[in-house]
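Peer 1: Submitted below is the structure of interest, expressed as structure tokens.
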Amino acid sequence: MNKAFLGVYRSFPPPLQDFLLTMYGARLAHERFGGRYREYVQLLSATERFSRGDLEAYQDERLRLVVSHAYETVPYYRRRFDDHGVKPGDIRNRSDLHKLPLLTRDDVRVHFEDLRSRAVPRRTLRMGHTSGTTGTPLTVGYDRDTVCLTYAVFDRHYRWAGLTFGRGGDRVAVLRGNVVVPLTERRPPFWRRNRWQNQLLLSSFHLSPANLPAYLCELERFDPEAVDGYPSTLFVLAKYLQRVGRFFPVRAAITSSETLFDFQRDLIEERFRCRVFDYYALAERVAFSHECDRHAGHHLAMEYALSEVVDGTGEPVPAGVTGRLVGTTLHNLAMPLIRYVTTDMTSLRDDPCSCGRAHALMGDVTTKAEDLL
């Protein structure tokens, strides 16, 4: 929510806040589920059963397009490529990526304007922001197609979990960082409704032993088919259910944004009587990976971005070896981030998943790089 909307939103009583939240959700839905969204949903449905060779060929085709576009329309890349003696024609496939320089968070912060494509009007740029949990928050820009594609990937993740995503979809109780209730509020309701997307948005900032009974009562009233939240927030609810000797069956639990530890997964699955489907995504839109129903690791959305894992010198590491995750957009033409160095540590795997999908598996994101010590 932007500041102007928040100011109006907070001045109204809860029932009107529900109405405003639903209207705000409808506006967001127009952007997220309009445009090329359906086209991308169909694309991801088709590529889901592509062979590894076909997926890599698709990546190579998109990579060539992005690199050429960046060189021709993005001042930063024209300078950097020329400084390194690289022309777009030198990048034919993924194996040529090492010829390009790495892009750091500081590069994006300092050269934001020069990283913006001159072929995309600035007024059409959508802004995203990192959380800043590992340092200064970062602002990035992307085009509407990237927004639509991102939500098409979310749709696939929900589908893999046996759920229907978006308007008219399954009822979902969401426990994330949404500030839907003033932080100073001391009495329930600590939740609001987004009826456009059939969501109950529960404040994660008011979870406390005293308030948890009210949360459970509201969950029972809403009767969700799934819960979606941080591992930590869903774990708090699961611990409460364990303490009072209760279960709350749903069809699936969706988690992301934090490392999901085994003890959290075990208790969430036990108390909600379902499987957890975890996914990994970045505000920079340069990586997405998610679990299928075999829960044997996170499949990279290879149609979405190209992932590398490098060591401290920027050199690729072998499969199974932990290093820093580097991501390259395959679609964001407004501000194409190429070989962007994330703050996350992981590994790439070369073993197949028993589900039969050829999308490469990514290891656990074990920690932020700054937390290694």
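Labels used: A, B, ... for chains in the order of the structure tokens, numbers from 1 for residues in each chain, and numbers from 1 for ligands as shown.
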What are the closest atom pairs, with distances in Å to one decimal, for all residues of region 157-247 of chain A lying within 8 Å of region 269-280 of chain A? Consider only C-alpha atoms, order rows by chain and residue number, and present the result as JSON lines.
Peer 2:
```
{"residue": "A:His157", "atom": "CA", "partner": "A:Tyr279", "partner_atom": "CA", "distance": 7.7}
{"residue": "A:Ala161", "atom": "CA", "partner": "A:Phe277", "partner_atom": "CA", "distance": 6.4}
{"residue": "A:Ala238", "atom": "CA", "partner": "A:Arg271", "partner_atom": "CA", "distance": 5.7}
{"residue": "A:Leu241", "atom": "CA", "partner": "A:Arg271", "partner_atom": "CA", "distance": 6.5}
{"residue": "A:Gln242", "atom": "CA", "partner": "A:Arg271", "partner_atom": "CA", "distance": 6.8}
{"residue": "A:Arg246", "atom": "CA", "partner": "A:Arg271", "partner_atom": "CA", "distance": 7.3}
{"residue": "A:Phe247", "atom": "CA", "partner": "A:Arg271", "partner_atom": "CA", "distance": 4.8}
```
Peer 1: If you count only C-alpha atoms, which residues fall within 12 Å of Thr259 (chain A), apart from same-chain ones fewer than 5 positions away, as number ranges by chain?
Peer 2: A: 230-232, 264-265, 278-281, 344-346, 363-368
Peer 1: As a list in words, please: all residues of region 44-238 of chain A that backbone DSSP puts in strand (DSSP E or B).
Peer 2: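 Selection result, strand (DSSP E or B) within region 44-238 of chain A: Leu103, Arg126, Met127, Gly128, His129, Thr139, Val140, Gly141, Tyr142, Val172, Ala173, Val174, Leu175, Trp191, Arg192, Arg193, Asn194, Gln199, Leu200, Leu201, Leu202, Ala226, Val227, Asp228 and Gly229 of chain A.
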Peer 1: Given the selection you just returned, output its residues as a file containing N, CA, C and O atoms, formatted as a compact mmCIF listing (two decimals), in the first residue's frame.
Peer 2:
```txt
# COMPACT_ATOMS: atom_id res chain seq x y z
N LEU A 103 26.76 -8.07 -11.48
CA LEU A 103 26.05 -6.85 -11.10
C LEU A 103 25.73 -6.94 -9.61
O LEU A 103 25.09 -7.90 -9.17
N ARG A 126 7.20 -0.31 -13.04
CA ARG A 126 6.66 -0.75 -11.75
C ARG A 126 7.83 -0.88 -10.77
O ARG A 126 8.89 -1.40 -11.15
N MET A 127 7.65 -0.42 -9.55
CA MET A 127 8.73 -0.44 -8.59
C MET A 127 8.56 -1.57 -7.59
O MET A 127 7.46 -1.84 -7.10
N GLY A 128 9.67 -2.23 -7.27
CA GLY A 128 9.69 -3.25 -6.24
C GLY A 128 10.77 -2.91 -5.23
O GLY A 128 11.74 -2.20 -5.55
N HIS A 129 10.62 -3.42 -4.03
CA HIS A 129 11.56 -3.08 -2.97
C HIS A 129 11.95 -4.34 -2.20
O HIS A 129 11.09 -5.14 -1.84
N THR A 139 15.65 -0.61 -4.26
CA THR A 139 14.53 -0.40 -5.16
C THR A 139 14.92 -0.89 -6.55
O THR A 139 16.02 -0.59 -7.03
N VAL A 140 14.04 -1.64 -7.17
CA VAL A 140 14.26 -2.13 -8.53
C VAL A 140 13.02 -1.82 -9.36
O VAL A 140 11.93 -1.61 -8.83
N GLY A 141 13.20 -1.79 -10.67
CA GLY A 141 12.08 -1.51 -11.56
C GLY A 141 11.83 -2.66 -12.51
O GLY A 141 12.76 -3.37 -12.89
N TYR A 142 10.58 -2.87 -12.89
CA TYR A 142 10.26 -3.88 -13.88
C TYR A 142 9.01 -3.49 -14.64
O TYR A 142 8.26 -2.59 -14.22
N VAL A 172 -8.02 -18.49 1.28
CA VAL A 172 -6.67 -18.59 1.83
C VAL A 172 -6.52 -17.61 2.98
O VAL A 172 -6.86 -16.43 2.86
N ALA A 173 -6.03 -18.11 4.11
CA ALA A 173 -5.68 -17.27 5.25
C ALA A 173 -4.20 -16.91 5.14
O ALA A 173 -3.35 -17.80 5.05
N VAL A 174 -3.91 -15.61 5.11
CA VAL A 174 -2.55 -15.13 4.84
C VAL A 174 -1.97 -14.50 6.10
O VAL A 174 -2.58 -13.59 6.70
N LEU A 175 -0.79 -14.98 6.50
CA LEU A 175 -0.10 -14.46 7.69
C LEU A 175 1.31 -14.02 7.28
O LEU A 175 2.28 -14.76 7.43
N TRP A 191 -7.35 -8.64 11.84
CA TRP A 191 -7.41 -9.19 10.48
C TRP A 191 -8.38 -8.36 9.65
O TRP A 191 -9.20 -7.61 10.18
N ARG A 192 -8.21 -8.47 8.34
CA ARG A 192 -9.11 -7.81 7.41
C ARG A 192 -9.34 -8.75 6.23
O ARG A 192 -8.57 -9.67 5.99
N ARG A 193 -10.40 -8.49 5.45
CA ARG A 193 -10.76 -9.35 4.32
C ARG A 193 -10.43 -8.67 3.00
O ARG A 193 -10.70 -7.49 2.81
N ASN A 194 -9.85 -9.42 2.10
CA ASN A 194 -9.72 -9.03 0.69
C ASN A 194 -10.64 -9.97 -0.08
O ASN A 194 -10.24 -11.06 -0.48
N GLN A 199 -9.31 -13.76 0.34
CA GLN A 199 -8.25 -13.86 1.34
C GLN A 199 -8.68 -13.28 2.68
O GLN A 199 -9.39 -12.27 2.72
N LEU A 200 -8.23 -13.92 3.74
CA LEU A 200 -8.28 -13.36 5.07
C LEU A 200 -6.85 -12.96 5.42
O LEU A 200 -5.97 -13.82 5.53
N LEU A 201 -6.60 -11.65 5.56
CA LEU A 201 -5.26 -11.15 5.85
C LEU A 201 -5.14 -10.93 7.35
O LEU A 201 -5.80 -10.05 7.92
N LEU A 202 -4.33 -11.74 7.99
CA LEU A 202 -4.16 -11.66 9.44
C LEU A 202 -2.85 -10.95 9.76
O LEU A 202 -1.81 -11.22 9.15
N ALA A 226 -6.53 -23.18 2.63
CA ALA A 226 -5.07 -23.17 2.71
C ALA A 226 -4.64 -22.03 3.63
O ALA A 226 -5.37 -21.06 3.85
N VAL A 227 -3.43 -22.16 4.18
CA VAL A 227 -2.80 -21.08 4.93
C VAL A 227 -1.52 -20.71 4.19
O VAL A 227 -0.83 -21.57 3.65
N ASP A 228 -1.21 -19.43 4.19
CA ASP A 228 -0.07 -18.92 3.43
C ASP A 228 0.65 -17.92 4.33
O ASP A 228 0.05 -16.93 4.76
N GLY A 229 1.93 -18.17 4.61
CA GLY A 229 2.64 -17.25 5.49
C GLY A 229 4.12 -17.53 5.57
O GLY A 229 4.66 -18.39 4.87
```
Peer 1: Can you work out the spacing between CA of Glu284 (chain A) and CA of Thr136 (chain A) in Å, to one decimal?
Peer 2: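 One can read the CA of Glu284 (chain A) to CA of Thr136 (chain A) distance as 14.1 Å.
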Peer 1: I'd like the neighbourhood of Pro75 (chain A) as a list in words, where a residue qualifies if any of its atoms comes within 9 Å (using only C-alpha atoms), though same-chain residues fewer than 2 positions away should be ignored.
Peer 2: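 Within the cut-off, the hits are Ala70, Tyr71, Glu72, Thr73, Tyr77, Arg78, Arg79, Arg80, Glu113, Asp114, Leu115, Arg116, Ser117 and Arg118 of chain A.
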Peer 1: Those residues you just picked out, can you put them in a file as a CSV table (one decimal), in the first residue's frame with all heavy atoms?
Peer 2:
```csv
chain,number,residue,atom,x,y,z
A,70,ALA,N,19.6,-5.1,-23.7
A,70,ALA,CA,20.3,-4.3,-22.7
A,70,ALA,C,21.4,-3.5,-23.4
A,70,ALA,O,21.6,-2.3,-23.0
A,70,ALA,CB,20.9,-5.3,-21.7
A,71,TYR,N,22.1,-4.1,-24.3
A,71,TYR,CA,23.2,-3.4,-24.9
A,71,TYR,C,22.7,-2.2,-25.7
A,71,TYR,O,23.3,-1.1,-25.7
A,71,TYR,CB,24.0,-4.3,-25.8
A,71,TYR,CG,25.3,-3.7,-26.4
A,71,TYR,CD1,26.4,-3.5,-25.7
A,71,TYR,CD2,25.3,-3.3,-27.7
A,71,TYR,CE1,27.6,-3.0,-26.2
A,71,TYR,CE2,26.4,-2.7,-28.3
A,71,TYR,CZ,27.5,-2.5,-27.5
A,71,TYR,OH,28.7,-2.0,-28.1
A,72,GLU,N,21.6,-2.4,-26.4
A,72,GLU,CA,21.1,-1.3,-27.3
A,72,GLU,C,20.4,-0.2,-26.6
A,72,GLU,O,20.4,0.9,-27.1
A,72,GLU,CB,20.2,-1.9,-28.4
A,72,GLU,CG,20.8,-2.9,-29.3
A,72,GLU,CD,21.9,-2.3,-30.2
A,72,GLU,OE1,21.8,-1.0,-30.4
A,72,GLU,OE2,22.9,-2.9,-30.5
A,73,THR,N,19.8,-0.5,-25.4
A,73,THR,CA,18.9,0.5,-24.8
A,73,THR,C,19.2,0.9,-23.4
A,73,THR,O,18.6,1.8,-22.8
A,73,THR,CB,17.4,0.0,-24.8
A,73,THR,OG1,17.2,-1.1,-23.9
A,73,THR,CG2,17.0,-0.5,-26.2
A,77,TYR,N,24.7,-0.9,-19.3
A,77,TYR,CA,25.3,-2.1,-20.0
A,77,TYR,C,26.1,-1.8,-21.2
A,77,TYR,O,27.1,-2.5,-21.5
A,77,TYR,CB,24.1,-3.1,-20.3
A,77,TYR,CG,23.6,-3.8,-19.1
A,77,TYR,CD1,22.2,-3.6,-18.8
A,77,TYR,CD2,24.4,-4.6,-18.3
A,77,TYR,CE1,21.7,-4.3,-17.6
A,77,TYR,CE2,23.9,-5.2,-17.2
A,77,TYR,CZ,22.6,-5.1,-16.9
A,77,TYR,OH,22.1,-5.7,-15.8
A,78,ARG,N,25.7,-0.8,-22.0
A,78,ARG,CA,26.6,-0.4,-23.1
A,78,ARG,C,28.0,-0.1,-22.6
A,78,ARG,O,29.0,-0.6,-23.2
A,78,ARG,CB,25.9,0.8,-23.8
A,78,ARG,CG,26.8,1.4,-24.9
A,78,ARG,CD,27.0,0.5,-26.1
A,78,ARG,NE,25.8,0.2,-26.8
A,78,ARG,CZ,25.6,0.7,-28.0
A,78,ARG,NH1,26.5,1.5,-28.6
A,78,ARG,NH2,24.5,0.5,-28.7
A,79,ARG,N,28.1,0.7,-21.5
A,79,ARG,CA,29.4,1.0,-21.0
A,79,ARG,C,30.2,-0.2,-20.5
A,79,ARG,O,31.3,-0.4,-20.8
A,79,ARG,CB,29.3,2.1,-19.9
A,79,ARG,CG,28.8,3.4,-20.3
A,79,ARG,CD,29.1,4.4,-19.2
A,79,ARG,NE,28.6,4.1,-17.9
A,79,ARG,CZ,27.4,4.4,-17.5
A,79,ARG,NH1,26.6,5.1,-18.3
A,79,ARG,NH2,26.9,4.0,-16.3
A,80,ARG,N,29.5,-1.0,-19.7
A,80,ARG,CA,30.1,-2.2,-19.1
A,80,ARG,C,30.5,-3.2,-20.1
A,80,ARG,O,31.6,-3.8,-20.0
A,80,ARG,CB,29.1,-2.8,-18.0
A,80,ARG,CG,28.9,-1.9,-16.8
A,80,ARG,CD,30.1,-2.0,-15.9
A,80,ARG,NE,30.0,-3.2,-15.0
A,80,ARG,CZ,31.0,-3.6,-14.2
A,80,ARG,NH1,32.1,-2.9,-14.2
A,80,ARG,NH2,30.9,-4.7,-13.5
A,113,GLU,N,19.2,4.9,-12.5
A,113,GLU,CA,18.7,5.5,-13.7
A,113,GLU,C,19.4,5.0,-15.0
A,113,GLU,O,18.7,4.8,-16.0
A,113,GLU,CB,18.9,7.0,-13.6
A,113,GLU,CG,17.9,7.7,-12.8
A,113,GLU,CD,16.4,7.5,-13.3
A,113,GLU,OE1,16.2,7.5,-14.6
A,113,GLU,OE2,15.5,7.3,-12.5
A,114,ASP,N,20.7,4.7,-14.9
A,114,ASP,CA,21.4,4.2,-16.1
A,114,ASP,C,21.1,2.7,-16.4
A,114,ASP,O,21.4,2.2,-17.4
A,114,ASP,CB,22.9,4.4,-16.0
A,114,ASP,CG,23.3,5.8,-16.4
A,114,ASP,OD1,22.4,6.6,-16.9
A,114,ASP,OD2,24.5,6.2,-16.3
A,115,LEU,N,20.5,2.0,-15.4
A,115,LEU,CA,20.1,0.6,-15.6
A,115,LEU,C,18.7,0.5,-16.2
A,115,LEU,O,18.2,-0.5,-16.5
A,115,LEU,CB,20.2,-0.1,-14.3
A,115,LEU,CG,21.5,-0.6,-13.9
A,115,LEU,CD1,21.6,-1.0,-12.4
A,115,LEU,CD2,21.9,-1.8,-14.8
A,116,ARG,N,18.0,1.7,-16.4
A,116,ARG,CA,16.7,1.7,-16.9
A,116,ARG,C,16.7,1.8,-18.4
A,116,ARG,O,17.5,2.6,-19.0
A,116,ARG,CB,15.9,2.9,-16.4
A,116,ARG,CG,14.5,3.0,-16.8
A,116,ARG,CD,13.8,4.2,-16.1
A,116,ARG,NE,14.5,5.4,-16.4
A,116,ARG,CZ,14.3,6.2,-17.5
A,116,ARG,NH1,13.5,5.7,-18.4
A,116,ARG,NH2,14.9,7.3,-17.6
A,117,SER,N,16.0,0.9,-19.1
A,117,SER,CA,16.0,0.9,-20.5
A,117,SER,C,15.3,2.1,-21.1
A,117,SER,O,14.3,2.6,-20.6
A,117,SER,CB,15.2,-0.3,-21.0
A,117,SER,OG,15.0,-0.2,-22.4
A,118,ARG,N,16.0,2.7,-22.1
A,118,ARG,CA,15.5,3.9,-22.7
A,118,ARG,C,14.3,3.6,-23.7
A,118,ARG,O,13.6,4.5,-24.2
A,118,ARG,CB,16.6,4.7,-23.4
A,118,ARG,CG,17.7,5.2,-22.5
A,118,ARG,CD,17.1,6.1,-21.4
A,118,ARG,NE,18.1,6.7,-20.5
A,118,ARG,CZ,18.5,6.3,-19.3
A,118,ARG,NH1,17.8,5.2,-18.8
A,118,ARG,NH2,19.4,6.9,-18.6
```
Peer 1: Write out as a ChimeraX atom specification the residues lying within 10 Å of region 52-57 of chain A, counting only C-alpha atoms and excluding same-chain residues fewer than 3 positions away.
Peer 2: /A:47-49,60-63,93-94,301-303,306,357-360
Peer 1: For CA of Ser257 (chain A) and CA of His299 (chain A), quote the distance in Å rounded to one decimal.
Peer 2: 16.1 Å
Peer 1: Within region 155-212 of chain A, find each residue whose DSSP state, derived from the backbone, is helix (DSSP H, G or I), and express the selection as an MDAnalysis selection string.
Peer 2: chainID A and resid 155:160 195:197 212
Peer 1: Could you write those residues out with all heavy atoms, as an mmCIF file, in the first residue's frame?
Peer 2:
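The result, stored in result-v2.cif:
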```cif
data_model
loop_
_atom_site.group_PDB
_atom_site.id
_atom_site.type_symbol
_atom_site.label_atom_id
_atom_site.label_comp_id
_atom_site.auth_asym_id
_atom_site.auth_seq_id
_atom_site.Cartn_x
_atom_site.Cartn_y
_atom_site.Cartn_z
ATOM 1 N N ASP A 155 0.718 -18.785 -9.679
ATOM 2 C CA ASP A 155 -0.414 -19.634 -10.042
ATOM 3 C C ASP A 155 0.044 -21.087 -10.177
ATOM 4 O O ASP A 155 -0.640 -22.005 -9.703
ATOM 5 C CB ASP A 155 -1.030 -19.147 -11.355
ATOM 6 C CG ASP A 155 -2.102 -20.083 -11.884
ATOM 7 O OD1 ASP A 155 -3.260 -19.956 -11.463
ATOM 8 O OD2 ASP A 155 -1.772 -20.947 -12.725
ATOM 9 N N ARG A 156 1.185 -21.300 -10.821
ATOM 10 C CA ARG A 156 1.688 -22.668 -10.967
ATOM 11 C C ARG A 156 2.035 -23.272 -9.608
ATOM 12 O O ARG A 156 1.765 -24.450 -9.355
ATOM 13 C CB ARG A 156 2.913 -22.703 -11.896
ATOM 14 C CG ARG A 156 3.445 -24.117 -12.085
ATOM 15 C CD ARG A 156 4.357 -24.236 -13.289
ATOM 16 N NE ARG A 156 5.664 -23.621 -13.074
ATOM 17 C CZ ARG A 156 6.619 -23.597 -14.017
ATOM 18 N NH1 ARG A 156 6.394 -24.118 -15.218
ATOM 19 N NH2 ARG A 156 7.775 -23.030 -13.767
ATOM 20 N N HIS A 157 2.618 -22.452 -8.734
ATOM 21 C CA HIS A 157 2.953 -22.978 -7.409
ATOM 22 C C HIS A 157 1.692 -23.420 -6.664
ATOM 23 O O HIS A 157 1.655 -24.501 -6.068
ATOM 24 C CB HIS A 157 3.705 -21.926 -6.596
ATOM 25 C CG HIS A 157 4.103 -22.410 -5.237
ATOM 26 N ND1 HIS A 157 4.987 -23.453 -5.049
ATOM 27 C CD2 HIS A 157 3.725 -22.038 -3.989
ATOM 28 C CE1 HIS A 157 5.144 -23.681 -3.758
ATOM 29 N NE2 HIS A 157 4.387 -22.850 -3.100
ATOM 30 N N TYR A 158 0.663 -22.596 -6.698
ATOM 31 C CA TYR A 158 -0.594 -22.969 -6.051
ATOM 32 C C TYR A 158 -1.182 -24.225 -6.698
ATOM 33 O O TYR A 158 -1.732 -25.095 -6.019
ATOM 34 C CB TYR A 158 -1.588 -21.806 -6.126
ATOM 35 C CG TYR A 158 -1.585 -20.921 -4.893
ATOM 36 C CD1 TYR A 158 -0.438 -20.236 -4.504
ATOM 37 C CD2 TYR A 158 -2.716 -20.789 -4.111
ATOM 38 C CE1 TYR A 158 -0.432 -19.425 -3.379
ATOM 39 C CE2 TYR A 158 -2.727 -19.991 -2.972
ATOM 40 C CZ TYR A 158 -1.580 -19.304 -2.609
ATOM 41 O OH TYR A 158 -1.565 -18.526 -1.482
ATOM 42 N N ARG A 159 -1.080 -24.307 -8.013
ATOM 43 C CA ARG A 159 -1.607 -25.481 -8.711
ATOM 44 C C ARG A 159 -0.864 -26.738 -8.279
ATOM 45 O O ARG A 159 -1.475 -27.794 -8.091
ATOM 46 C CB ARG A 159 -1.508 -25.257 -10.223
ATOM 47 C CG ARG A 159 -2.072 -26.368 -11.073
ATOM 48 C CD ARG A 159 -2.356 -25.894 -12.487
ATOM 49 N NE ARG A 159 -1.279 -25.115 -13.062
ATOM 50 C CZ ARG A 159 -0.169 -25.627 -13.599
ATOM 51 N NH1 ARG A 159 -0.004 -26.951 -13.616
ATOM 52 N NH2 ARG A 159 0.766 -24.856 -14.121
ATOM 53 N N TRP A 160 0.452 -26.639 -8.140
ATOM 54 C CA TRP A 160 1.230 -27.786 -7.663
ATOM 55 C C TRP A 160 0.797 -28.190 -6.253
ATOM 56 O O TRP A 160 0.918 -29.351 -5.871
ATOM 57 C CB TRP A 160 2.714 -27.462 -7.686
ATOM 58 C CG TRP A 160 3.324 -27.467 -9.063
ATOM 59 C CD1 TRP A 160 2.676 -27.610 -10.255
ATOM 60 C CD2 TRP A 160 4.714 -27.320 -9.374
ATOM 61 N NE1 TRP A 160 3.571 -27.559 -11.299
ATOM 62 C CE2 TRP A 160 4.827 -27.382 -10.789
ATOM 63 C CE3 TRP A 160 5.867 -27.133 -8.617
ATOM 64 C CZ2 TRP A 160 6.062 -27.263 -11.447
ATOM 65 C CZ3 TRP A 160 7.090 -27.011 -9.265
ATOM 66 C CH2 TRP A 160 7.180 -27.082 -10.668
ATOM 67 N N ARG A 195 -11.871 -9.558 -0.233
ATOM 68 C CA ARG A 195 -12.870 -10.435 -0.856
ATOM 69 C C ARG A 195 -12.606 -10.641 -2.341
ATOM 70 O O ARG A 195 -13.052 -11.644 -2.903
ATOM 71 C CB ARG A 195 -14.267 -9.861 -0.612
ATOM 72 C CG ARG A 195 -14.726 -10.015 0.841
ATOM 73 C CD ARG A 195 -16.106 -9.444 1.091
ATOM 74 N NE ARG A 195 -16.609 -9.828 2.395
ATOM 75 C CZ ARG A 195 -16.256 -9.235 3.542
ATOM 76 N NH1 ARG A 195 -15.383 -8.239 3.528
ATOM 77 N NH2 ARG A 195 -16.755 -9.654 4.698
ATOM 78 N N TRP A 196 -11.911 -9.730 -2.966
ATOM 79 C CA TRP A 196 -11.620 -9.878 -4.389
ATOM 80 C C TRP A 196 -10.823 -11.150 -4.651
ATOM 81 O O TRP A 196 -11.049 -11.846 -5.622
ATOM 82 C CB TRP A 196 -10.860 -8.653 -4.890
ATOM 83 C CG TRP A 196 -10.697 -8.628 -6.383
ATOM 84 C CD1 TRP A 196 -9.672 -9.139 -7.118
ATOM 85 C CD2 TRP A 196 -11.609 -8.083 -7.326
ATOM 86 N NE1 TRP A 196 -9.875 -8.948 -8.455
ATOM 87 C CE2 TRP A 196 -11.066 -8.295 -8.621
ATOM 88 C CE3 TRP A 196 -12.837 -7.432 -7.223
ATOM 89 C CZ2 TRP A 196 -11.692 -7.862 -9.783
ATOM 90 C CZ3 TRP A 196 -13.464 -7.002 -8.379
ATOM 91 C CH2 TRP A 196 -12.901 -7.225 -9.636
ATOM 92 N N GLN A 197 -9.873 -11.452 -3.754
ATOM 93 C CA GLN A 197 -9.054 -12.642 -3.929
ATOM 94 C C GLN A 197 -9.359 -13.722 -2.897
ATOM 95 O O GLN A 197 -8.576 -14.653 -2.730
ATOM 96 C CB GLN A 197 -7.565 -12.276 -3.875
ATOM 97 C CG GLN A 197 -7.104 -11.512 -5.090
ATOM 98 C CD GLN A 197 -5.611 -11.261 -5.088
ATOM 99 O OE1 GLN A 197 -5.155 -10.134 -5.105
ATOM 100 N NE2 GLN A 197 -4.844 -12.329 -5.065
ATOM 101 N N LEU A 212 -3.787 -15.215 20.516
ATOM 102 C CA LEU A 212 -3.897 -16.405 19.679
ATOM 103 C C LEU A 212 -5.268 -17.072 19.713
ATOM 104 O O LEU A 212 -5.733 -17.562 18.671
ATOM 105 C CB LEU A 212 -2.798 -17.401 20.045
ATOM 106 C CG LEU A 212 -1.413 -17.053 19.473
ATOM 107 C CD1 LEU A 212 -0.333 -17.936 20.075
ATOM 108 C CD2 LEU A 212 -1.412 -17.195 17.947
#
```
Peer 1: When you count only C-alpha atoms, which of these residues is closest to Pro88 (chain A): A:Ala334, A:Glu315, A:Tyr37, A:Leu65?
Peer 2: A:Leu65
Peer 1: Between CA of Phe50 (chain A) and CA of Leu282 (chain A), what distance in Å does the model show, to one decimal?
Peer 2: 24.3 Å
Peer 1: Taking only C-alpha atoms into account, name the residue in A:Asn211, A:Val286, A:Leu163, A:Met362 that is nearest to Val250 (chain A).
Peer 2: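 For Val250 (chain A), the nearest of the given residues is A:Leu163.
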Peer 1: Would you list the contacts of Val310 (chain A) as a short mmCIF file (atom, residue, chain, number, x, y, z; two decimals) with N, CA and C atoms, in the first residue's frame, taking every protein, DNA or RNA residue within 7 Å and counting only C-alpha atoms, but skipping same-chain residues closer than 2 positions in sequence?
Peer 2:
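Wrote it out as result-v4.cif, contents follow:
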```cif
data_model
loop_
_atom_site.label_atom_id
_atom_site.label_comp_id
_atom_site.auth_asym_id
_atom_site.auth_seq_id
_atom_site.Cartn_x
_atom_site.Cartn_y
_atom_site.Cartn_z
N GLU A 308 22.68 -19.05 -11.51
CA GLU A 308 24.05 -19.55 -11.36
C GLU A 308 24.39 -19.56 -9.87
N GLY A 312 33.47 -17.09 -4.06
CA GLY A 312 33.83 -15.73 -3.65
C GLY A 312 34.51 -14.92 -4.73
N GLY A 314 33.60 -15.16 -7.95
CA GLY A 314 32.67 -15.04 -9.06
C GLY A 314 32.70 -16.18 -10.04
N GLU A 315 33.47 -17.23 -9.72
CA GLU A 315 33.56 -18.39 -10.61
C GLU A 315 32.46 -19.39 -10.29
N PRO A 316 31.87 -20.03 -11.32
CA PRO A 316 30.83 -21.04 -11.06
C PRO A 316 31.37 -22.20 -10.24
N VAL A 317 30.53 -22.74 -9.37
CA VAL A 317 30.91 -23.89 -8.55
C VAL A 317 30.20 -25.13 -9.08
N GLY A 323 27.30 -21.90 -2.81
CA GLY A 323 27.91 -20.63 -3.16
C GLY A 323 26.85 -19.55 -3.18
N ARG A 324 27.22 -18.43 -3.73
CA ARG A 324 26.29 -17.30 -3.79
C ARG A 324 25.42 -17.41 -5.03
N LEU A 325 24.13 -17.19 -4.86
CA LEU A 325 23.20 -17.27 -5.97
C LEU A 325 23.28 -16.01 -6.83
#
```
Peer 1: From the options A:Val321, A:Arg349, A:Leu361, A:Val244, which residue's atoms come nearest to His298 (chain A), counting only C-alpha atoms?
Peer 2: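 Checking each of A:Val321, A:Arg349, A:Leu361, A:Val244 against His298 (chain A), counting only C-alpha atoms, the winner is A:Leu361.
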